[in-house]
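Undergrad: Contents of query.cif (mmCIF, C-alpha atoms) are given next:
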```
data_work
loop_
_atom_site.label_atom_id
_atom_site.label_comp_id
_atom_site.auth_asym_id
_atom_site.auth_seq_id
_atom_site.Cartn_x
_atom_site.Cartn_y
_atom_site.Cartn_z
CA MET A 1 6.37 81.64 -54.25
CA ASP A 2 7.48 80.72 -50.71
CA GLY A 3 5.32 80.88 -47.59
CA ASP A 4 6.60 84.30 -46.49
CA SER A 5 5.96 85.83 -49.92
CA HIS A 6 2.51 84.28 -50.01
CA SER A 7 1.63 85.76 -46.60
CA SER A 8 3.03 89.15 -47.60
CA LEU A 9 0.97 89.23 -50.80
CA TRP A 10 -2.30 88.53 -49.03
CA SER A 11 -1.42 90.94 -46.23
CA LYS A 12 -1.01 93.67 -48.83
CA LEU A 13 -4.32 92.74 -50.45
CA SER A 14 -6.13 92.79 -47.09
CA LYS A 15 -4.65 96.18 -46.29
CA LEU A 16 -5.77 97.56 -49.66
CA PHE A 17 -9.34 96.45 -49.08
CA SER A 18 -9.44 97.90 -45.58
CA ILE A 19 -8.66 101.24 -47.20
CA ARG A 20 -10.73 100.95 -50.40
CA GLY A 21 -13.36 98.47 -49.30
CA GLU A 22 -16.12 99.37 -51.74
CA ASP A 23 -14.01 99.47 -54.89
CA ASN A 24 -14.18 96.91 -57.68
CA LEU A 25 -11.70 94.13 -56.94
CA GLU A 26 -10.05 94.23 -60.34
CA GLN A 27 -9.67 98.01 -60.24
CA VAL A 28 -8.21 97.86 -56.73
CA ILE A 29 -5.50 95.50 -57.94
CA ILE A 30 -4.79 97.58 -61.08
CA ASP A 31 -4.53 100.80 -59.06
CA ALA A 32 -2.34 99.17 -56.41
CA ARG A 33 -0.01 97.84 -59.07
CA LYS A 34 0.17 101.25 -60.71
CA ASP A 35 0.83 102.99 -57.36
CA GLY A 36 3.53 100.48 -56.41
CA GLU A 37 1.60 99.03 -53.48
CA LEU A 38 1.75 95.69 -55.28
CA GLN A 39 4.67 94.47 -57.37
CA GLN A 40 3.97 93.98 -61.07
CA GLU A 41 4.23 90.19 -60.76
CA GLU A 42 1.96 90.11 -57.71
CA GLY A 43 -0.68 92.22 -59.41
CA ASN A 44 -0.57 90.15 -62.57
CA MET A 45 -1.02 86.96 -60.59
CA LEU A 46 -4.04 88.29 -58.72
CA LEU A 47 -5.65 89.50 -61.94
CA SER A 48 -5.08 86.05 -63.44
CA ILE A 49 -6.79 84.44 -60.45
CA LEU A 50 -9.81 86.69 -61.06
CA GLN A 51 -9.73 85.67 -64.72
CA LEU A 52 -10.16 82.01 -63.73
CA GLY A 53 -13.60 82.87 -62.38
CA GLU A 54 -14.70 84.04 -65.83
CA THR A 55 -12.85 81.55 -68.05
CA GLN A 56 -14.55 78.37 -69.26
CA VAL A 57 -12.44 75.22 -69.51
CA GLN A 58 -12.99 75.07 -73.28
CA ASP A 59 -10.88 78.22 -73.58
CA ILE A 60 -7.75 76.65 -72.08
CA MET A 61 -8.14 72.88 -72.60
CA THR A 62 -6.07 70.75 -74.97
CA PRO A 63 -8.41 70.14 -77.92
CA ARG A 64 -9.51 66.64 -78.84
CA THR A 65 -7.25 66.46 -81.92
CA ASP A 66 -4.13 67.20 -79.84
CA ILE A 67 -4.78 64.70 -77.02
CA ASP A 68 -2.18 61.95 -76.57
CA CYS A 69 -3.99 58.73 -75.68
CA VAL A 70 -3.85 54.95 -76.12
CA SER A 71 -6.51 52.47 -77.16
CA ALA A 72 -8.10 49.82 -74.98
CA GLY A 73 -6.28 46.51 -75.24
CA THR A 74 -2.85 48.17 -75.27
CA SER A 75 -0.30 46.24 -73.22
CA THR A 76 1.20 47.84 -70.14
CA VAL A 77 4.62 47.81 -71.80
CA ASP A 78 3.34 49.62 -74.90
CA ALA A 79 1.44 52.07 -72.70
CA ALA A 80 4.69 52.84 -70.87
CA ARG A 81 6.35 53.50 -74.23
CA SER A 82 3.53 55.91 -75.12
CA ILE A 83 3.99 57.76 -71.83
CA LEU A 84 7.72 58.07 -72.44
CA LYS A 85 7.13 59.32 -75.96
CA SER A 86 4.49 61.88 -74.96
CA GLY A 87 6.21 63.11 -71.81
CA HIS A 88 2.90 62.99 -69.90
CA SER A 89 2.46 61.15 -66.61
CA ARG A 90 -1.21 60.35 -67.36
CA LEU A 91 -2.87 59.27 -70.60
CA PRO A 92 -6.55 58.68 -71.48
CA ILE A 93 -7.67 55.24 -72.67
CA TYR A 94 -10.29 55.07 -75.43
CA GLN A 95 -12.50 52.30 -76.81
CA ASP A 96 -12.89 52.41 -80.62
CA THR A 97 -12.86 56.23 -80.92
CA ARG A 98 -11.68 59.20 -78.86
CA ASP A 99 -15.33 60.06 -78.22
CA ASN A 100 -15.43 57.03 -75.94
CA ILE A 101 -12.83 57.63 -73.23
CA THR A 102 -13.04 54.73 -70.78
CA GLY A 103 -10.18 55.35 -68.38
CA ILE A 104 -6.93 57.10 -67.44
CA ILE A 105 -3.58 55.34 -67.15
CA TYR A 106 -1.04 56.67 -64.61
CA ALA A 107 2.69 56.24 -65.13
CA LYS A 108 3.19 55.26 -61.49
CA ASP A 109 0.63 52.45 -61.85
CA LEU A 110 2.68 50.98 -64.69
CA LEU A 111 5.94 50.70 -62.73
CA PRO A 112 5.19 47.34 -61.04
CA TYR A 113 4.65 45.77 -64.48
CA LEU A 114 8.00 46.94 -65.78
CA VAL A 115 10.39 45.67 -63.12
CA GLU A 116 12.21 42.43 -63.88
CA ASP A 117 10.23 39.97 -61.72
CA CYS A 118 6.85 41.24 -62.98
CA ALA A 119 7.92 41.52 -66.61
CA LYS A 120 8.12 37.71 -66.80
CA ARG A 121 4.42 37.37 -66.04
CA GLU A 122 1.64 37.12 -68.60
CA PRO A 123 1.37 40.53 -70.37
CA GLN A 124 -1.36 42.74 -68.93
CA THR A 125 -3.48 45.30 -70.78
CA VAL A 126 -4.24 48.81 -69.58
CA GLU A 127 -7.81 47.90 -68.61
CA HIS A 128 -6.43 46.06 -65.57
CA ILE A 129 -4.94 49.17 -64.00
CA MET A 130 -6.66 52.18 -65.59
CA ARG A 131 -8.57 54.58 -63.36
CA GLU A 132 -12.05 56.00 -63.83
CA PRO A 133 -12.07 59.19 -65.91
CA TYR A 134 -13.52 62.42 -64.56
CA PHE A 135 -15.84 64.07 -67.11
CA ILE A 136 -16.76 67.76 -67.09
CA PRO A 137 -18.76 69.99 -69.49
CA GLU A 138 -16.78 72.40 -71.66
CA THR A 139 -18.72 75.33 -70.16
CA LYS A 140 -17.49 74.70 -66.57
CA LEU A 141 -15.70 77.69 -65.08
CA SER A 142 -11.99 77.15 -64.53
CA ALA A 143 -12.08 78.41 -60.94
CA GLU A 144 -14.74 75.83 -60.07
CA LEU A 145 -12.68 73.06 -61.66
CA LEU A 146 -9.59 74.08 -59.69
CA GLN A 147 -11.56 73.67 -56.46
CA GLU A 148 -12.90 70.30 -57.64
CA PHE A 149 -9.42 69.09 -58.51
CA ARG A 150 -8.35 70.03 -55.00
CA SER A 151 -11.27 68.37 -53.22
CA ARG A 152 -11.16 65.22 -55.38
CA LYS A 153 -7.34 65.01 -55.27
CA ASN A 154 -7.50 64.71 -59.05
CA HIS A 155 -5.22 66.28 -61.68
CA ILE A 156 -6.90 65.54 -64.99
CA ALA A 157 -10.39 65.75 -66.51
CA ILE A 158 -11.96 64.86 -69.86
CA VAL A 159 -13.98 67.72 -71.32
CA VAL A 160 -17.18 66.73 -73.15
CA ASP A 161 -19.49 68.71 -75.40
CA GLU A 162 -23.27 68.96 -75.13
CA TYR A 163 -23.69 65.70 -77.07
CA GLY A 164 -21.36 63.72 -74.81
CA GLY A 165 -18.50 63.60 -77.29
CA THR A 166 -14.92 64.28 -76.25
CA SER A 167 -14.14 67.97 -76.66
CA GLY A 168 -10.72 68.05 -75.02
CA LEU A 169 -8.62 67.42 -71.94
CA ILE A 170 -7.60 69.70 -69.10
CA THR A 171 -5.14 69.28 -66.24
CA ILE A 172 -4.42 71.14 -63.04
CA GLU A 173 -1.23 72.34 -64.70
CA ASP A 174 -3.28 74.06 -67.41
CA LEU A 175 -5.21 75.95 -64.73
CA LEU A 176 -2.11 76.96 -62.80
CA GLU A 177 -0.47 78.22 -65.98
CA VAL A 178 -3.29 80.75 -66.34
CA ILE A 179 -2.16 82.17 -62.98
CA VAL A 180 1.63 81.88 -63.03
CA GLY A 181 2.46 81.50 -66.72
CA GLU A 182 3.67 78.49 -68.63
CA ILE A 183 5.17 75.70 -66.55
CA GLU A 184 7.87 73.69 -68.28
CA ASP A 185 9.88 70.73 -67.11
CA GLU A 186 12.73 68.69 -68.53
CA HIS A 187 10.29 66.33 -70.27
CA ASP A 188 8.47 69.00 -72.26
CA ALA A 189 9.23 68.99 -75.96
CA PRO A 190 10.00 72.42 -77.40
CA ARG A 191 6.73 73.87 -78.72
CA GLU A 192 6.69 75.40 -82.15
CA GLU A 193 5.67 79.05 -82.15
CA ASP A 194 2.10 79.53 -83.35
CA ILE A 195 3.15 82.54 -85.42
CA LEU A 196 6.71 82.95 -86.72
CA ARG A 197 7.74 86.23 -88.35
CA ILE A 198 10.03 85.62 -91.33
CA SER A 199 10.03 89.30 -92.34
CA ASP A 200 7.69 92.28 -92.18
CA ASP A 201 5.85 90.82 -95.17
CA GLU A 202 5.96 87.08 -94.46
CA LEU A 203 4.80 84.81 -91.63
CA ILE A 204 4.56 81.10 -90.94
CA ILE A 205 1.33 80.33 -89.07
CA ILE A 206 0.46 77.10 -87.26
CA GLY A 207 -3.13 75.95 -87.89
CA ARG A 208 -4.04 76.23 -84.19
CA ALA A 209 -2.96 79.91 -84.05
CA ASP A 210 -5.65 82.15 -82.56
CA LEU A 211 -7.16 84.70 -84.94
CA ASP A 212 -6.94 87.40 -82.26
CA ASP A 213 -3.17 86.91 -82.00
CA LEU A 214 -2.73 87.62 -85.72
CA SER A 215 -3.72 91.25 -85.18
CA ASP A 216 -0.33 91.77 -83.47
CA PHE A 217 1.22 91.02 -86.86
CA GLY A 218 -1.04 93.30 -88.89
CA ILE A 219 -3.56 90.65 -89.97
CA ASN A 220 -7.11 91.41 -88.85
CA LEU A 221 -9.43 88.46 -89.49
CA GLU A 222 -12.81 88.10 -87.79
CA SER A 223 -15.13 85.13 -87.44
CA ASP A 224 -18.12 84.43 -85.21
CA GLU A 225 -17.73 80.69 -85.78
CA MET A 226 -13.99 79.93 -85.70
CA ASP A 227 -11.18 80.88 -83.33
CA THR A 228 -8.15 79.42 -85.13
CA MET A 229 -6.48 80.16 -88.45
CA GLY A 230 -6.94 76.58 -89.63
CA GLY A 231 -10.62 76.65 -88.75
CA PHE A 232 -11.06 80.02 -90.47
CA LEU A 233 -9.61 78.77 -93.77
CA SER A 234 -11.58 75.51 -93.58
CA LEU A 235 -14.80 77.46 -93.00
CA HIS A 236 -14.24 79.64 -96.07
CA ALA A 237 -13.14 76.72 -98.24
CA GLY A 238 -16.09 74.55 -97.22
CA HIS A 239 -13.67 71.66 -96.64
CA VAL A 240 -10.29 71.00 -95.05
CA PRO A 241 -7.91 72.69 -97.52
CA HIS A 242 -5.18 70.57 -99.06
CA LYS A 243 -1.49 71.40 -99.43
CA ASP A 244 -0.79 74.35 -101.77
CA GLU A 245 -4.40 75.62 -101.64
CA THR A 246 -4.31 79.43 -101.67
CA PHE A 247 -6.53 82.13 -100.12
CA HIS A 248 -6.53 85.93 -100.16
CA PHE A 249 -7.81 88.04 -97.25
CA VAL A 250 -7.17 91.58 -95.95
CA GLY A 251 -4.20 92.20 -98.23
CA TRP A 252 -2.45 88.90 -97.47
CA ASP A 253 -1.99 85.70 -99.47
CA PHE A 254 -2.30 82.51 -97.43
CA VAL A 255 -0.92 79.20 -98.75
CA VAL A 256 -1.46 75.89 -96.96
CA ILE A 257 1.95 74.24 -96.68
CA ALA A 258 1.04 71.27 -94.45
CA ALA A 259 -2.32 69.56 -93.87
CA ASP A 260 -3.96 66.17 -93.56
CA ALA A 261 -7.51 64.96 -94.11
CA LYS A 262 -8.68 66.37 -90.76
CA GLN A 263 -6.91 69.68 -90.20
CA ILE A 264 -4.47 72.31 -91.43
CA HIS A 265 -1.09 72.16 -89.73
CA LYS A 266 0.88 75.05 -91.23
CA ILE A 267 0.23 78.09 -93.43
CA SER A 268 2.47 80.57 -95.21
CA ALA A 269 1.24 84.18 -95.16
CA LYS A 270 2.71 86.84 -97.47
CA ARG A 271 1.63 90.43 -97.83
CA SER A 272 0.10 90.93 -101.27
CA GLN A 273 1.90 94.25 -101.74
CA PRO A 274 5.16 94.07 -99.80
CA THR A 275 6.13 97.19 -97.87
CA LYS A 276 8.92 99.12 -99.52
CA ALA A 277 12.10 99.55 -97.57
CA THR A 278 13.08 103.17 -96.94
CA HIS A 279 16.66 104.30 -97.28
CA ALA A 280 18.22 107.22 -95.51
#
```
Can the structure in the file be given as structure tokens, please?

TA:
Amino acid sequence: MDGDSHSSLWSKLSKLFSIRGEDNLEQVIIDARKDGELQQEEGNMLLSILQLGETQVQDIMTPRTDIDCVSAGTSTVDAARSILKSGHSRLPIYQDTRDNITGIIYAKDLLPYLVEDCAKREPQTVEHIMREPYFIPETKLSAELLQEFRSRKNHIAIVVDEYGGTSGLITIEDLLEVIVGEIEDEHDAPREEDILRISDDELIIIGRADLDDLSDFGINLESDEMDTMGGFLSLHAGHVPHKDETFHFVGWDFVVIAADAKQIHKISAKRSQPTKATHA
């Protein structure tokens, strides 16, 4: 959005409130979008900004198991390789386990150690150039974090749980994507769809898929304890299910087709009684 568009959007919003001053902010935006006083995209963006004020960082962070990071003692050259492989410009550094994040390595800080004259020097480890990590609780509101990122001139934070363990990682890009939609660049690897429809009676589901999203495919699973399909199956099994382990819920058969000792990666879902095709 350019400067003129930005000014126009907020001019429209100010005008709306001068007319409907006492109305609920969210309803004002919805009504204005419906009446054509705001474009669909403008209205959606404003509603997303409001959503930030109610969304905790744990709802949009990258979970601990999906964080790309490197261990303390890693050489600067190997750290650079990890950054190239991951496609991220910043990576956390951990000591012993991921619950003990000790620093953040920036790609731009590695550059002096990779040019020819510096490469001949004694190899350095990431501890020499890593930056201090910024820790936040998983219950922090996303809107507050966006302001803190701005004031601190920081782009990345480590999310910790109530016991001080690493819960996940969040970046300023994650927050902006809530507002404007997913941001992709040329370094992003194609992301596998969380839910892939094979037919009306068969799906492939990634373990991280949200239970709420499954309802769009006719699978209604509820849990007060788990949000993901992998977590749901693990909860009911009492352990992390192994490959080929089978479950039956709400008229569907679920078969684990990829898993390791820590989590389920992929599940096949087939309707127990396939729908019959109708012929004219």

Undergrad: List the residues matched by the PyMOL selection byres ((chain A and resi 267) around 8) in the displayed structure as a ChimeraX atom specification, ordered by chain and then by residue number.

TA: /A:204-207,254-258,264-266,268-269

Undergrad: In Å, rounded to a single decimal, give me how far CA of Thr166 in chain A is from CA of Lys243 in chain A.

TA: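 Atom-to-atom, CA of Lys243 in chain A to CA of Thr166 in chain A, that is 27.7 Å.
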
Undergrad: Please evaluate the PyMOL selection byres ((chain A and resi 173) around 9) against the structure above and give the resulting residues as a PyMOL selection string.

TA: chain A and resi 155-156+170-172+174-178+182-183

Undergrad: Just how far from CA of Asp66 in chain A is CA of His248 in chain A, in Å to one decimal?

TA: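 Atom-to-atom, CA of His248 in chain A to CA of Asp66 in chain A, that is 27.7 Å.
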
Undergrad: Given only C-alpha atoms as the basis, pick out the residue of A:Val115, A:Leu84, A:Val159, A:Leu211 nearest to Pro63 in chain A.

TA: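 Checking each candidate against Pro63 in chain A, we get A:Val159 as the closest.
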
Undergrad: Work out how far CA of Glu148 in chain A is from CA of Glu54 in chain A, in Å to one decimal.

TA: 16.1 Å

Undergrad: Using all atoms listed in the file, which protein or nucleic acid residues come within 10 Å of Ser223 in chain A? Drop anything in the same chain fewer than 5 positions from it, and give the result as number ranges by chain.

TA: A: 211-212, 228, 231-232, 235

Undergrad: Evaluate the PyMOL selection byres ((chain A and resi 130-144) around 7) on the structure here and hand back the selected residues as number ranges by chain.

TA: A: 52-58, 102-105, 126-129, 145-148, 157-161, 175

Undergrad: Measuring atom to atom with all atoms listed in the file, identify which of A:Ile30, A:Met226, A:Leu221, A:Ile101 is nearest to Ala72 in chain A.

TA: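 Of the candidates, the smallest distance to Ala72 in chain A is held by A:Ile101.
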
Undergrad: Please identify all polymer residues within 9 Å of Leu110 in chain A, counting only C-alpha atoms, omitting same-chain residues fewer than 2 positions from it, and present them as an NGL selection string.

TA: :A and (76-77 or 79-80 or 105-108 or 112-114 or 126 or 129)

Undergrad: Can those selected residues be exported to a file as a CSV table (one decimal), keeping the file's coordinate frame so that it contains C-alpha atoms?

TA:
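In the end it all went to result.csv:
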```
chain,number,residue,atom,x,y,z
A,76,THR,CA,1.2,47.8,-70.1
A,77,VAL,CA,4.6,47.8,-71.8
A,79,ALA,CA,1.4,52.1,-72.7
A,80,ALA,CA,4.7,52.8,-70.9
A,105,ILE,CA,-3.6,55.3,-67.2
A,106,TYR,CA,-1.0,56.7,-64.6
A,107,ALA,CA,2.7,56.2,-65.1
A,108,LYS,CA,3.2,55.3,-61.5
A,112,PRO,CA,5.2,47.3,-61.0
A,113,TYR,CA,4.6,45.8,-64.5
A,114,LEU,CA,8.0,46.9,-65.8
A,126,VAL,CA,-4.2,48.8,-69.6
A,129,ILE,CA,-4.9,49.2,-64.0
```

Undergrad: Name the closest residue to Ser89 in chain A among the candidates A:Gly165, A:Asp109, A:Met61, A:Val250; distances are taken between atoms, counting all atoms listed in the file.

TA: A:Asp109

Undergrad: Which polymer residues have any atom within 10 Å of an atom of range 213-216 of chain A, counting all atoms listed in the file, with same-chain residues fewer than 2 positions away left out, as a ChimeraX atom specification?

TA: /A:194-195,203,205,209-211,218-222,228-229
